[in-house]
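Engineer: Got a structure for you, written out below as structure tokens; questions coming shortly.
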Amino acid sequence: GDRQELHERIRELSMIAGKRVKQEGLDNNLLELIADDPMFGVTLEELQAKLDPIKYVGRSREQVDEYLADVIKPYHTDLLCHINSRICH
């Protein structure tokens, strides 16, 4: 479909889902509304698979591990040695 039309339809569906949440106290059903709309041609399962956050974190896990090992652990070790007033390394 046309990108602008799809964007507008998502906006409309998000307003419906938002009303459901805010006024009726129900769960947000935006994904279900999109999956049920033939304009999108996508299943709920396909949408849920696309929204898996692990697919979008890149190398962040490895970068955190490297930072902890290279920066924080040595600092922490030095700090503990200083606090305990003994020589470490």
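Residue numbering restarts at 1 for every chain of the structure tokens, chains are lettered A, B, ... in their displayed order, and ligands are numbered from 1 as they appear.
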Listing only residues of segment 19-75 of chain A within 10 Å of segment 1-6 of chain A, what is the closest atom pair and its distance in Å (to one decimal) for each, using only C-alpha atoms, sorted by chain and residue number ascending, as a tab-separated table?
Structural biologist:
```
residue	atom	partner	partner_atom	distance
A:Ile34	CA	A:Leu6	CA	10.0
A:Met39	CA	A:Gly1	CA	7.0
A:Phe40	CA	A:Gly1	CA	7.4
A:Gly41	CA	A:Gly1	CA	9.3
```
Engineer: Do you have the atom CA of His82 of chain A-atom CA of Glu66 of chain A distance handy?
Structural biologist: 23.8 Å
Engineer: Please measure the separation of atom CA of His7 of chain A and atom CA of Asn29 of chain A, giving the value in Å to one decimal.
Structural biologist: 17.1 Å
Engineer: Based on DSSP run over this structure's backbone, return all residues of chain A in helix (DSSP H, G or I), as a PyMOL selection string.
Structural biologist: chain A and resi 3-24+30-36+44-50+53-56+60-84
Engineer: So that I can check the surroundings of Thr43 of chain A, please list as JSON, numbers by chain every protein, DNA and RNA residue that reaches within 9 Å of it, counting only C-alpha atoms and ignoring chain neighbours fewer than 5 positions away.
Structural biologist: {"A": [32, 34, 35, 36, 48]}
Engineer: In terms of the shortest atom-to-atom distance over only C-alpha atoms, which of A:Met15, A:Leu31, A:Leu68, A:Ser60 is closest to Glu46 of chain A?
Structural biologist: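 Result for the nearest residue to Glu46 of chain A: A:Leu31.
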Engineer: Taking only C-alpha atoms into account, which of A:Ala17, A:Val64, A:Glu24, A:Arg9 comes nearest Asp37 of chain A?
Structural biologist: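 Ranked by minimum distance to Asp37 of chain A, first place goes to A:Arg9.
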Engineer: Which is closer to Ile10 of chain A than all the others in A:Leu33, A:Cys81, A:Leu51, A:Ala69, using only C-alpha atoms?
Structural biologist: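 Result for the nearest residue to Ile10 of chain A: A:Leu33.
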Engineer: Which of these residues is nearest to Leu44 of chain A, using only C-alpha atoms: A:Val21, A:Leu80, A:Leu30, A:Ile72?
Structural biologist: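 For Leu44 of chain A, the nearest of the given residues is A:Leu30.
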Engineer: If I take atom CA of Arg20 of chain A and atom CA of Lys55 of chain A, how far is one from the other in Å, to one decimal?
Structural biologist: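 Rounded to one decimal, the two atoms are 29.1 Å apart.
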